[in-house]
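Engineer: I'd like to ask some things about the structure below.
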Amino acid sequence: MLSSFIPAVVVAAAAVLWAAPAPAQDRLAAVQARGELRACIWPDYFAISYRNPRNGELEGIDIDLARDFARRLGVSLAFVETTFRDFMDRLEQGSCDVAMFGVGITPQRAARVEFSQPYLSSVVYAVTTRDNRIIARWEDIDQPGNTVAVAAGTFMEPLMRGTLRHATLDVVAAPRTREAELQAGRVDVFMSDFPYTRRMMLMHDWMRIVAPPGRFGETRYAYAVAKGDPGWLAAVNGFVEAIRADGTLARAAERHGLSPIVMR
């Protein structure tokens with residue numbers, strides 16, 4: 001049975017289409033008929049959707065919330081691993097139903113996918129090593145001779161392309177990692193957000209965070225779905241509204257140290 005957080009018009013549409021093959025654009029009916037929700041995640045996103053190397057288990061706020069979404073829909077859950085570079089292709093191809101890994105809302109992404117109501121918001125931080133004497137303040141980052149790393153496909157990539165005037169930008173894609181590039185001295189600093197930097201600080205004592213001035217790069221995070229299916233978007237928005245209203249979002253954020261960036 002569909003949960004009460006899904007709008008009545010969506011429930012009615014799903015009931016009508018239950019017995020027949022669902023049109024490609026009717027994702028809610030397809031999920032119900034399949035009996036499985038496929039959620040795209042990036043398994044390297046600390047505190048959001050992270051595969052813990054110690055036990056191989058997935059953890060983070062959106063791992064918890066994806067499980068809750070599937071439970072409320074009355075279906076099982078399958079995680080589809082992807083990256084910020086590839087997740088929109090996955091949504092458009094239909095290999096996942098929803099991207100649930102703190103996807104920053106940007107105009108470039110909004111041209112290809114639909115976003116739910118936002119649920120988190122973060123500014124951009126810089127991460128360097130504790131013994132780095134070149135990067136002491138934010139103003140030291142964009143200087144000649146410095147190299148600034150960003151993860152490929154993240155919203156930090158276009159942000160830093162448009163911001164840097166003197167430093168060199170290094171767009172890091174797998175199998176390379178920003179942490180390894182920083183430790184090896186090939187970059188001086190990398191850019192990330194509140195969830196990633198706070199969790200990294202708990203795990204690595206060699207890192208140092210440089211906070212930005214003001215609200216640099218502040219971005220709202222949401223869930224993403226393919227375009228052209230307002231019923232499915234309404235169901236995802238209904239879920240966001242429900243977890244905000246019943247405290248599920250606040251509790252999940254507290255478990256993963258993200259309470260400061262929850263959008264109330």
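Letters for chains follow the order of the structure tokens (A, B, ...), residue numbers begin at 1 for each chain, and ligand numbers begin at 1 in the order shown.
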Can you list, as a count of residues only, every protein, DNA or RNA residue that comes within 10 Å of region 74-90 of chain A when you count only C-alpha atoms, leaving out same-chain residues fewer than 6 positions away?
Structural biologist: 45
Engineer: Taking 5 positions as the minimum chain separation for residues in the same chain, which residues sit within 8 Å of Arg178 (chain A) when counting only C-alpha atoms? Answer as a list of chain:residue names.
Structural biologist: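 Listed by chain and then number, they are A:Ala149, A:Val150, A:Ala151, A:Val172, A:Phe190.
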Engineer: From the options A:Leu91, A:Arg54, A:Ala242, A:Phe69, which residue's atoms come nearest to Gly228 (chain A), counting only C-alpha atoms?
Structural biologist: A:Leu91
Engineer: Report, in Å with one decimal, the straight-line distance from CA of Thr147 (chain A) to CA of His166 (chain A).
Structural biologist: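 Separating CA of Thr147 (chain A) from CA of His166 (chain A) is a distance of 9.4 Å.
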Engineer: So what do you get for CA of Arg51 (chain A) versus CA of Ala211 (chain A), distance-wise?
Structural biologist: 26.5 Å
Engineer: Using DSSP on the backbone coordinates, identify all residues within region 19-94 of chain A classified as alpha helix (DSSP H); present the result as an NGL selection string.
Structural biologist: :A and (27-34 or 61-73 or 87-93)
Engineer: Pick out the closest residue to Leu249 (chain A) from this set: A:Asp205, A:Leu120, A:Leu164, A:Phe46. Count only C-alpha atoms.
Structural biologist: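 Counting only C-alpha atoms, the residue closest to Leu249 (chain A) is A:Leu120.
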Engineer: Residues of region 38-115 of chain A in strand (DSSP E) according to DSSP, as a count of residues only?
Structural biologist: 27
Engineer: Mind giving me the straight-line distance from CA of Val124 (chain A) to CA of Ala110 (chain A) in Å, one decimal?
Structural biologist: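 Separation between CA of Val124 (chain A) and CA of Ala110 (chain A): 19.9 Å.
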Engineer: Need to verify the contact set: Asp193 (chain A), 7 Å, only C-alpha atoms, exclusion of same-chain residues closer than 2 positions in sequence. Can you return it as JSON, numbers by chain?
Structural biologist: {"A": [122, 123, 124, 125, 195, 196, 197]}
Engineer: Using the selection just defined, write its residues with N, CA and C atoms as a compact mmCIF listing (two decimals), in the first residue's frame.
Structural biologist:
```
# COMPACT_ATOMS: atom_id res chain seq x y z
N SER A 122 25.10 23.82 1.97
CA SER A 122 26.47 23.94 2.45
C SER A 122 27.24 24.98 1.64
N VAL A 123 28.18 25.64 2.32
CA VAL A 123 29.16 26.45 1.62
C VAL A 123 30.32 25.54 1.23
N VAL A 124 31.31 26.10 0.54
CA VAL A 124 32.47 25.35 0.10
C VAL A 124 33.66 25.66 0.99
N TYR A 125 34.36 24.61 1.40
CA TYR A 125 35.54 24.73 2.25
C TYR A 125 36.78 24.28 1.49
N PRO A 195 29.63 18.19 4.65
CA PRO A 195 29.61 16.77 5.01
C PRO A 195 30.96 16.09 4.80
N TYR A 196 31.55 16.32 3.66
CA TYR A 196 32.80 15.64 3.33
C TYR A 196 33.94 16.08 4.23
N THR A 197 34.09 17.38 4.43
CA THR A 197 35.22 17.86 5.20
C THR A 197 35.11 17.49 6.68
```
Engineer: From the list A:Val187, A:Ala180, A:Leu202, A:Ala111, which residue is nearest Gly145 (chain A) when using only C-alpha atoms?
Structural biologist: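 Of A:Val187, A:Ala180, A:Leu202, A:Ala111, the one nearest Gly145 (chain A), counting only C-alpha atoms, is A:Val187.
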Engineer: Find the residues near Pro213 (chain A): any atom within 12 Å, counting only C-alpha atoms, skip ones fewer than 3 places away on the same chain, and give them as number ranges by chain.
Structural biologist: A: 123-126, 137-139, 210, 216-218
Engineer: Of the candidates A:Glu241, A:Glu59, A:Asp229, A:Asp246, which shows the shortest atom-to-atom distance to Leu28 (chain A), using only C-alpha atoms?
Structural biologist: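 Among the listed residues, the smallest separation from Leu28 (chain A) belongs to A:Asp229.
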